[in-house]
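Asker: Next comes start.tsv, TSV, C-alpha atoms and all ligand atoms:
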```tsv
chain	number	residue	atom	x	y	z
G	1	MET	CA	0.00	0.00	0.00
G	2	THR	CA	1.35	3.44	-0.86
G	3	GLN	CA	1.63	6.28	1.62
G	4	ALA	CA	-1.06	8.06	-0.35
G	5	ALA	CA	-3.52	5.24	0.22
G	6	LYS	CA	-2.60	5.00	3.89
G	7	ALA	CA	-3.23	8.72	4.29
G	8	GLY	CA	-6.73	8.25	2.89
G	9	THR	CA	-6.24	10.78	0.09
G	10	PRO	CA	-7.97	10.55	-3.30
G	11	LEU	CA	-4.81	8.99	-4.73
G	12	SER	CA	-5.27	5.32	-5.46
G	13	PRO	CA	-2.57	2.79	-4.65
G	14	ALA	CA	-0.30	2.56	-7.65
G	15	GLY	CA	2.78	0.60	-8.51
G	16	GLU	CA	5.83	2.46	-9.80
G	17	ALA	CA	4.99	1.32	-13.33
G	18	GLU	CA	1.94	3.58	-13.22
G	19	TRP	CA	3.74	6.84	-12.49
G	20	ALA	CA	5.51	9.28	-14.78
G	21	LEU	CA	7.70	11.83	-13.03
G	22	PHE	CA	8.33	15.35	-14.33
G	23	LEU	CA	10.69	17.66	-12.47
G	24	ASP	CA	11.54	21.33	-12.83
G	25	PHE	CA	15.23	22.11	-12.20
G	26	ASP	CA	16.02	25.55	-10.69
G	27	GLY	CA	14.35	26.10	-7.32
G	28	THR	CA	13.00	22.54	-7.40
G	29	LEU	CA	15.95	20.13	-7.65
G	30	VAL	CA	18.62	22.76	-6.97
G	31	ASP	CA	18.67	26.05	-5.06
G	32	ILE	CA	18.31	29.28	-7.01
G	33	VAL	CA	21.54	31.29	-7.06
G	34	GLU	CA	22.29	34.93	-7.77
G	35	ARG	CA	23.76	34.33	-11.23
G	36	PRO	CA	21.89	31.72	-13.28
G	37	GLU	CA	25.08	30.18	-14.71
G	38	ALA	CA	26.51	29.62	-11.22
G	39	VAL	CA	23.96	27.00	-10.14
G	40	SER	CA	25.50	24.12	-8.21
G	41	VAL	CA	24.21	20.57	-8.28
G	42	ASP	CA	24.34	18.16	-5.35
G	43	PRO	CA	26.74	15.47	-6.67
G	44	GLU	CA	24.29	12.74	-5.61
G	45	LEU	CA	21.41	14.22	-7.59
G	46	PRO	CA	22.18	12.77	-11.04
G	47	VAL	CA	22.61	9.29	-9.51
G	48	ILE	CA	19.34	9.55	-7.58
G	49	LEU	CA	17.54	10.62	-10.75
G	50	ALA	CA	19.09	7.77	-12.74
G	51	ARG	CA	17.98	5.21	-10.12
G	52	LEU	CA	14.51	6.66	-10.03
G	53	LYS	CA	14.29	6.64	-13.81
G	54	GLU	CA	15.12	2.95	-13.78
G	55	ARG	CA	12.53	2.29	-11.10
G	56	LEU	CA	9.90	4.14	-13.17
G	57	GLY	CA	10.63	2.19	-16.31
G	58	GLY	CA	12.25	5.23	-17.90
G	59	ALA	CA	9.34	7.62	-17.28
G	60	LEU	CA	11.30	10.53	-15.78
G	61	ALA	CA	11.91	13.88	-17.46
G	62	ILE	CA	13.30	17.27	-16.47
G	63	ILE	CA	10.96	20.13	-17.49
G	64	SER	CA	12.85	23.43	-17.30
G	65	GLY	CA	13.29	26.89	-18.74
G	66	ARG	CA	16.96	26.04	-19.27
G	67	PRO	CA	18.32	24.77	-22.58
G	68	ILE	CA	18.82	20.98	-22.84
G	69	SER	CA	22.55	21.54	-23.37
G	70	PHE	CA	22.88	23.36	-20.04
G	71	LEU	CA	20.99	20.65	-18.13
G	72	ASP	CA	23.04	17.87	-19.76
G	73	ARG	CA	26.25	19.47	-18.47
G	74	ARG	CA	24.85	19.76	-14.94
G	75	LEU	CA	23.52	16.18	-14.86
G	76	GLU	CA	26.52	14.37	-16.34
G	77	PRO	CA	27.17	11.58	-17.11
G	78	PHE	CA	23.48	10.93	-17.75
G	79	ALA	CA	21.35	12.14	-20.66
G	80	PHE	CA	17.87	12.39	-19.19
G	81	ASP	CA	14.69	13.06	-21.10
G	82	ILE	CA	14.25	16.83	-21.02
G	83	GLY	CA	11.72	19.46	-21.95
G	84	GLY	CA	13.94	22.55	-22.24
G	85	LEU	CA	13.31	26.27	-22.81
G	86	HIS	CA	9.82	26.03	-21.25
G	87	GLY	CA	9.01	23.27	-23.74
G	88	LEU	CA	10.36	24.94	-26.90
G	89	GLU	CA	12.73	21.98	-27.24
G	90	HIS	CA	12.52	18.44	-25.94
G	91	ARG	CA	14.33	15.13	-26.03
G	92	ILE	CA	12.76	11.71	-25.48
G	93	GLY	CA	15.31	8.91	-25.59
G	94	ASP	CA	17.50	9.67	-28.58
G	95	ARG	CA	14.88	11.76	-30.37
G	96	LEU	CA	15.71	15.46	-30.15
G	97	TYR	CA	13.33	18.25	-31.17
G	98	GLN	CA	15.11	21.59	-31.10
G	99	CYS	CA	14.08	25.19	-31.46
G	100	GLN	CA	16.10	26.99	-34.14
G	101	PRO	CA	17.04	30.60	-33.25
G	102	GLU	CA	17.09	31.50	-36.97
G	103	GLU	CA	13.36	30.80	-37.04
G	104	HIS	CA	12.99	33.81	-34.74
G	105	PRO	CA	14.78	36.65	-36.58
G	106	ARG	CA	12.78	39.43	-34.90
G	107	LEU	CA	13.51	37.96	-31.47
G	108	ARG	CA	17.22	37.84	-32.40
G	109	GLU	CA	17.12	41.54	-33.32
G	110	MET	CA	15.30	42.28	-30.10
G	111	ALA	CA	17.94	40.39	-28.10
G	112	ASP	CA	20.61	42.71	-29.52
G	113	ARG	CA	18.55	45.79	-28.72
G	114	LEU	CA	17.87	44.58	-25.18
G	115	GLY	CA	21.59	44.06	-24.75
G	116	GLU	CA	22.17	47.70	-25.65
G	117	VAL	CA	19.30	49.05	-23.54
G	118	LEU	CA	20.29	47.08	-20.44
G	119	ALA	CA	24.08	47.40	-20.80
G	120	LEU	CA	24.13	50.37	-18.45
G	121	LYS	CA	21.93	48.72	-15.83
G	122	THR	CA	24.46	47.24	-13.44
G	123	GLY	CA	23.40	43.90	-12.05
G	124	VAL	CA	20.75	43.13	-14.69
G	125	VAL	CA	21.79	39.86	-16.32
G	126	ILE	CA	20.63	39.04	-19.86
G	127	GLU	CA	20.48	35.30	-20.52
G	128	ASP	CA	20.18	34.80	-24.27
G	129	LYS	CA	18.95	31.26	-24.91
G	130	GLY	CA	18.59	31.59	-28.66
G	131	CYS	CA	14.81	31.11	-28.89
G	132	SER	CA	14.11	33.14	-25.78
G	133	VAL	CA	15.72	35.95	-23.82
G	134	ALA	CA	15.58	36.07	-20.02
G	135	LEU	CA	16.18	39.28	-18.08
G	136	HIS	CA	17.29	38.64	-14.49
G	137	TRP	CA	17.20	41.35	-11.82
G	138	ARG	CA	18.08	39.24	-8.76
G	139	LEU	CA	21.34	41.22	-8.40
G	140	ALA	CA	19.61	44.55	-9.03
G	141	PRO	CA	16.22	44.56	-7.29
G	142	GLN	CA	16.02	48.34	-7.73
G	143	GLU	CA	15.75	47.73	-11.49
G	144	LYS	CA	12.74	45.41	-11.20
G	145	ASP	CA	10.17	47.88	-12.56
G	146	PHE	CA	12.46	48.93	-15.39
G	147	VAL	CA	13.14	45.32	-16.40
G	148	LEU	CA	9.45	44.38	-16.22
G	149	SER	CA	8.35	47.31	-18.38
G	150	THR	CA	11.22	46.72	-20.83
G	151	ALA	CA	10.30	43.04	-21.20
G	152	GLN	CA	6.61	43.88	-21.62
G	153	ALA	CA	7.37	46.54	-24.25
G	154	ALA	CA	9.68	44.14	-26.11
G	155	ALA	CA	7.05	41.39	-26.22
G	156	GLU	CA	4.38	43.84	-27.36
G	157	ALA	CA	6.66	45.11	-30.14
G	158	LEU	CA	7.18	41.51	-31.28
G	159	GLY	CA	3.42	40.94	-31.53
G	160	VAL	CA	1.08	38.09	-30.64
G	161	ASP	CA	3.56	35.32	-31.43
G	162	TYR	CA	5.59	36.24	-28.34
G	163	ARG	CA	4.82	36.72	-24.66
G	164	VAL	CA	6.53	37.39	-21.34
G	165	GLN	CA	6.98	34.56	-18.85
G	166	TYR	CA	7.43	35.95	-15.34
G	167	GLY	CA	9.39	34.11	-12.67
G	168	LYS	CA	11.45	34.65	-9.55
G	169	ALA	CA	13.45	37.86	-10.26
G	170	VAL	CA	13.23	37.15	-13.99
G	171	ALA	CA	11.13	38.15	-17.00
G	172	GLU	CA	11.60	36.07	-20.11
G	173	ILE	CA	10.53	36.96	-23.65
G	174	LEU	CA	9.66	33.79	-25.52
G	175	PRO	CA	7.46	32.40	-28.30
G	176	ALA	CA	3.83	32.33	-27.20
G	177	VAL	CA	3.60	28.58	-27.94
G	178	ALA	CA	6.07	27.79	-25.14
G	179	GLY	CA	4.61	26.21	-22.04
G	180	LYS	CA	5.45	23.46	-19.59
G	181	GLY	CA	1.94	21.99	-19.69
G	182	ARG	CA	2.15	21.61	-23.43
G	183	VAL	CA	5.47	19.75	-23.40
G	184	ILE	CA	4.29	17.49	-20.55
G	185	GLU	CA	1.31	16.61	-22.81
G	186	THR	CA	3.78	15.76	-25.57
G	187	PHE	CA	5.65	13.40	-23.27
G	188	LEU	CA	2.41	11.79	-22.08
G	189	GLN	CA	1.52	10.86	-25.65
G	190	GLN	CA	4.70	8.83	-26.07
G	191	SER	CA	6.27	5.72	-24.60
G	192	PRO	CA	7.22	5.16	-21.79
G	193	TYR	CA	5.06	8.02	-20.47
G	194	ARG	CA	1.82	7.12	-22.24
G	195	GLY	CA	-0.97	5.85	-19.99
G	196	ARG	CA	0.84	6.72	-16.78
G	197	ARG	CA	-0.31	8.98	-14.01
G	198	PRO	CA	1.88	12.10	-13.99
G	199	ILE	CA	3.65	13.80	-11.10
G	200	PHE	CA	5.18	17.25	-11.58
G	201	ALA	CA	7.21	19.23	-9.04
G	202	GLY	CA	7.99	22.91	-9.64
G	203	ASP	CA	8.56	26.13	-7.75
G	204	ASP	CA	7.64	29.08	-9.92
G	205	LEU	CA	4.94	30.80	-12.00
G	206	THR	CA	5.96	28.97	-15.18
G	207	ASP	CA	5.24	25.67	-13.39
G	208	GLU	CA	1.62	26.59	-12.66
G	209	ASN	CA	0.89	25.95	-16.33
G	210	GLY	CA	2.35	22.47	-15.87
G	211	PHE	CA	0.35	21.90	-12.67
G	212	ALA	CA	-2.87	22.63	-14.59
G	213	THR	CA	-2.03	19.85	-17.06
G	214	ILE	CA	-1.11	17.47	-14.24
G	215	ASN	CA	-4.35	18.20	-12.38
G	216	ASP	CA	-6.36	17.66	-15.59
G	217	HIS	CA	-4.78	14.21	-15.85
G	218	GLY	CA	-5.67	13.40	-12.24
G	219	GLY	CA	-1.97	13.47	-11.40
G	220	LEU	CA	0.00	14.81	-8.48
G	221	SER	CA	1.22	18.41	-8.61
G	222	ILE	CA	3.82	19.52	-6.07
G	223	ARG	CA	4.83	23.11	-5.37
G	224	ILE	CA	8.25	23.63	-3.82
G	225	GLY	CA	8.33	26.59	-1.42
G	226	ALA	CA	5.86	29.37	-0.67
G	227	GLY	CA	3.50	31.18	-3.00
G	228	GLU	CA	-0.01	30.87	-4.33
G	229	THR	CA	-0.46	27.68	-6.34
G	230	ILE	CA	-2.92	25.25	-7.85
G	231	ALA	CA	-0.59	22.37	-6.92
G	232	ARG	CA	-2.06	19.70	-4.64
G	233	GLU	CA	0.98	19.20	-2.45
G	234	ARG	CA	3.70	21.45	-1.12
G	235	LEU	CA	7.27	20.78	0.00
G	236	GLY	CA	9.51	23.35	1.68
G	237	THR	CA	12.79	23.28	-0.20
G	238	PRO	CA	14.72	21.56	-3.02
G	239	ALA	CA	16.57	19.62	-0.29
G	240	ASP	CA	13.21	18.26	0.94
G	241	LEU	CA	12.34	17.10	-2.56
G	242	ARG	CA	15.78	15.53	-3.10
G	243	HIS	CA	15.36	13.67	0.20
G	244	SER	CA	11.95	12.34	-0.86
G	245	LEU	CA	13.22	11.32	-4.30
G	246	SER	CA	16.23	9.63	-2.78
G	247	LYS	CA	14.04	7.47	-0.50
G	248	TRP	CA	11.77	6.59	-3.41
G	249	ALA	CA	14.74	5.74	-5.62
G	250	ALA	CA	16.06	3.45	-2.87
G	251	GLY	CA	12.90	1.34	-2.93
G	252	GLY	CA	10.64	3.21	-0.52
G	253	PRO	CA	6.92	3.85	-1.11
G	254	LEU	CA	5.63	6.80	-3.11
G	255	PRO	CA	6.82	9.66	-0.90
G	256	PHE	CA	4.02	12.09	-1.76
G	257	THR	CA	0.54	12.11	-0.28
G	258	GLY	CA	-1.34	14.73	-2.29
G	259	ASP	CA	-1.94	16.72	0.90
G	260	ARG	CA	-1.03	20.39	1.02
G	301	MG	MG	12.06	26.56	-11.17
```
Would you mind writing the file out in structure tokens?
Answerer:
Amino acid sequence: MTQAAKAGTPLSPAGEAEWALFLDFDGTLVDIVERPEAVSVDPELPVILARLKERLGGALAIISGRPISFLDRRLEPFAFDIGGLHGLEHRIGDRLYQCQPEEHPRLREMADRLGEVLALKTGVVIEDKGCSVALHWRLAPQEKDFVLSTAQAAAEALGVDYRVQYGKAVAEILPAVAGKGRVIETFLQQSPYRGRRPIFAGDDLTDENGFATINDHGGLSIRIGAGETIARERLGTPADLRHSLSKWAAGGPLPFTGDR
């Protein structure tokens, strides 16, 4: 019997073969740091994820705003299934679907202009991901309003095909089709994810879109940390989640109950 069943929640008892696990990266598996490139990964994390993936028959994917290439470097030596750039690119097994920056010429021009506009704003970090551009103000909280209005104006100038994704001390200009819920749906239509009950853990506004998809599928949505959410369960910190995943990977019962 799973913990969920013992706790008397709506979750039915389910063997590991019935679950598909989707995990955000920053703020969920690892702590958020001041400079996005400086993120540090607990050395045990890739091994825990690999064990868990095996236990789940391969149905484990990272769903992040980061590019796949960045996540691969942080999770070496493993090549996990990944939905990157808020779902603009994804990899299932050895099948890779990438976003091509040259398909977004106006966004590329805008990235250059944003670089010029924000060059004099000390502490504002521009993260150019090719098919999206993230503006971080974690190091310059006094520039928050300026960054928000700049990002909004940039997206409006680009028209309806682009939007702004807000997050923790970040505003990202990206194609309007991007969304974590959408890429989770893509995974759920393919083996080994198809027919499984999804779990998704995330920490930020961009993950709420994924939680909606998970809830629609009768899955288990988990918000890491504080903040308003539609997720059905909450954990305090990335360390709490890593601890739960580690116990599950080692053969323990499903470590989530579906209780807030
Ligand atoms: Mg996150």
Asker: Calculate how many Å separate CA of Arg232 (chain G) from CA of Phe200 (chain G), rounding to one decimal.
Answerer: 10.3 Å
Asker: Would you mind listing the residues within 10 Å of ligand MG 301 (chain G), counting all atoms listed in the file, as number ranges by chain?
Answerer: G: 23-32, 63-66, 167-168, 201-207, 223-224, 238
Asker: Give the answer as one residue: which of G:Leu107, G:Ala140, G:Gly57, G:Trp248 has the shortest atom-to-atom distance to Glu18 (chain G), using only C-alpha atoms?
Answerer: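 Checking each candidate against Glu18 (chain G), we get G:Gly57 as the closest.
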Asker: For Lys121 (chain G), which residue among G:Leu220, G:Val177, G:Ala134, G:Leu139 is the nearest when counting only C-alpha atoms?
Answerer: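 For Lys121 (chain G), the nearest of the given residues is G:Leu139.
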Asker: I need the residue nearest Leu96 (chain G) from this list: G:Thr237, G:Ala250, G:Ser69, G:Met110. Use only C-alpha atoms for the distance.
Answerer: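 Going through G:Thr237, G:Ala250, G:Ser69, G:Met110 one by one, the smallest distance to Leu96 (chain G) is for G:Ser69.
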Asker: Using all atoms listed in the file, which of the listed residues (G:Glu76, G:Asp128, G:Asp42, G:Asp81) sits closest to Arg108 (chain G)?
Answerer: G:Asp128
Asker: Work out how far apart CA of Glu103 (chain G) and CA of Pro175 (chain G) are and give it in Å to one decimal.
Answerer: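 Distance between the two atoms: 10.7 Å.
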Asker: May I have the protein, DNA and RNA residues with any atom at most 12 Å from the point (1.2, 19.2, -22.3), counting all atoms listed in the file, written as a PDB file with C-alpha atoms, keeping the file's coordinate frame?
Answerer:
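selection_31.pdb written:
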```pdb
ATOM      1  CA  PHE G  22       8.330  15.350 -14.330  1.00  0.00           C
ATOM      2  CA  ILE G  63      10.960  20.130 -17.490  1.00  0.00           C
ATOM      3  CA  GLY G  83      11.720  19.460 -21.950  1.00  0.00           C
ATOM      4  CA  HIS G  86       9.820  26.030 -21.250  1.00  0.00           C
ATOM      5  CA  GLY G  87       9.010  23.270 -23.740  1.00  0.00           C
ATOM      6  CA  LEU G  88      10.360  24.940 -26.900  1.00  0.00           C
ATOM      7  CA  HIS G  90      12.520  18.440 -25.940  1.00  0.00           C
ATOM      8  CA  VAL G 177       3.600  28.580 -27.940  1.00  0.00           C
ATOM      9  CA  ALA G 178       6.070  27.790 -25.140  1.00  0.00           C
ATOM     10  CA  GLY G 179       4.610  26.210 -22.040  1.00  0.00           C
ATOM     11  CA  LYS G 180       5.450  23.460 -19.590  1.00  0.00           C
ATOM     12  CA  GLY G 181       1.940  21.990 -19.690  1.00  0.00           C
ATOM     13  CA  ARG G 182       2.150  21.610 -23.430  1.00  0.00           C
ATOM     14  CA  VAL G 183       5.470  19.750 -23.400  1.00  0.00           C
ATOM     15  CA  ILE G 184       4.290  17.490 -20.550  1.00  0.00           C
ATOM     16  CA  GLU G 185       1.310  16.610 -22.810  1.00  0.00           C
ATOM     17  CA  THR G 186       3.780  15.760 -25.570  1.00  0.00           C
ATOM     18  CA  PHE G 187       5.650  13.400 -23.270  1.00  0.00           C
ATOM     19  CA  LEU G 188       2.410  11.790 -22.080  1.00  0.00           C
ATOM     20  CA  GLN G 189       1.520  10.860 -25.650  1.00  0.00           C
ATOM     21  CA  GLN G 190       4.700   8.830 -26.070  1.00  0.00           C
ATOM     22  CA  TYR G 193       5.060   8.020 -20.470  1.00  0.00           C
ATOM     23  CA  PRO G 198       1.880  12.100 -13.990  1.00  0.00           C
ATOM     24  CA  PHE G 200       5.180  17.250 -11.580  1.00  0.00           C
ATOM     25  CA  ASP G 207       5.240  25.670 -13.390  1.00  0.00           C
ATOM     26  CA  ASN G 209       0.890  25.950 -16.330  1.00  0.00           C
ATOM     27  CA  GLY G 210       2.350  22.470 -15.870  1.00  0.00           C
ATOM     28  CA  PHE G 211       0.350  21.900 -12.670  1.00  0.00           C
ATOM     29  CA  ALA G 212      -2.870  22.630 -14.590  1.00  0.00           C
ATOM     30  CA  THR G 213      -2.030  19.850 -17.060  1.00  0.00           C
ATOM     31  CA  ILE G 214      -1.110  17.470 -14.240  1.00  0.00           C
ATOM     32  CA  ASN G 215      -4.350  18.200 -12.380  1.00  0.00           C
ATOM     33  CA  ASP G 216      -6.360  17.660 -15.590  1.00  0.00           C
ATOM     34  CA  HIS G 217      -4.780  14.210 -15.850  1.00  0.00           C
TER      35      HIS G 217
END
```
Asker: So how far away is CA of Arg197 (chain G) from CA of Gly84 (chain G), in Å?
Answerer: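 That distance, rounded to one decimal, is 21.3 Å.
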Asker: Within 8 Å of (12.6, 12.0, -22.9) (coordinates as in the file), grab all the protein and nucleic acid residues, counting only C-alpha atoms, and write them out as a ChimeraX atom specification.
Answerer: /G:59-61,80-83,90-95,187
Asker: So that I have them on file, write out the residues from the current selection with C-alpha atoms, as a PDB file, in the coordinates of the input.
Answerer:
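Final file, selection.pdb:
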```pdb
ATOM      1  CA  ALA G  59       9.340   7.620 -17.280  1.00  0.00           C
ATOM      2  CA  LEU G  60      11.300  10.530 -15.780  1.00  0.00           C
ATOM      3  CA  ALA G  61      11.910  13.880 -17.460  1.00  0.00           C
ATOM      4  CA  PHE G  80      17.870  12.390 -19.190  1.00  0.00           C
ATOM      5  CA  ASP G  81      14.690  13.060 -21.100  1.00  0.00           C
ATOM      6  CA  ILE G  82      14.250  16.830 -21.020  1.00  0.00           C
ATOM      7  CA  GLY G  83      11.720  19.460 -21.950  1.00  0.00           C
ATOM      8  CA  HIS G  90      12.520  18.440 -25.940  1.00  0.00           C
ATOM      9  CA  ARG G  91      14.330  15.130 -26.030  1.00  0.00           C
ATOM     10  CA  ILE G  92      12.760  11.710 -25.480  1.00  0.00           C
ATOM     11  CA  GLY G  93      15.310   8.910 -25.590  1.00  0.00           C
ATOM     12  CA  ASP G  94      17.500   9.670 -28.580  1.00  0.00           C
ATOM     13  CA  ARG G  95      14.880  11.760 -30.370  1.00  0.00           C
ATOM     14  CA  PHE G 187       5.650  13.400 -23.270  1.00  0.00           C
TER      15      PHE G 187
END
```
Asker: For Glu34 (chain G), find every residue with an atom within 9 Å (counting all atoms listed in the file), except residues of its own chain fewer than 4 positions away, and show them as a list in words.
Answerer: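 Here the qualifying residues turn out to be Ala38, Val39, Arg138 and Leu139 of chain G.
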Asker: Calculated over all atoms listed in the file, which of the candidates G:Gly123, G:Gly115, G:Gly195, G:Pro67 has the smallest distance to Gln98 (chain G)?
Answerer: G:Pro67
Asker: Hey, which of G:Val41, G:Val124, G:Ala169, G:Ile222 ends up closest to Arg73 (chain G)? Count all atoms listed in the file.
Answerer: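 Smallest separation from Arg73 (chain G) among the options: G:Val41.
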Asker: Write out as a list in words the residues lying within 9 Å of Val147 (chain G), counting all atoms listed in the file and excluding same-chain residues fewer than 3 positions away.
Answerer: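 What passes the distance filter is Leu118, Val124, Leu135, His136, Trp137, Glu143, Lys144, Thr150, Ala151, Gln152, Val170 and Ala171 of chain G.
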Asker: Restricted to C-alpha atoms, what would the selected residues look like written as a compact mmCIF listing (two decimals), keeping the file's coordinate frame?
Answerer:
```
# COMPACT_ATOMS: atom_id res chain seq x y z
CA LEU G 118 20.29 47.08 -20.44
CA VAL G 124 20.75 43.13 -14.69
CA LEU G 135 16.18 39.28 -18.08
CA HIS G 136 17.29 38.64 -14.49
CA TRP G 137 17.20 41.35 -11.82
CA GLU G 143 15.75 47.73 -11.49
CA LYS G 144 12.74 45.41 -11.20
CA THR G 150 11.22 46.72 -20.83
CA ALA G 151 10.30 43.04 -21.20
CA GLN G 152 6.61 43.88 -21.62
CA VAL G 170 13.23 37.15 -13.99
CA ALA G 171 11.13 38.15 -17.00
```
Asker: May I have the centre and edge lengths, in Å to one decimal, of an axis-aligned box around the listed atoms of region 243-255 of chain G with 3 Å added to every side, as lines of an AutoDock Vina configuration file?
Answerer:
```
center_x = 10.9
center_y = 7.5
center_z = -2.7
size_x = 16.6
size_y = 18.3
size_z = 11.8
```
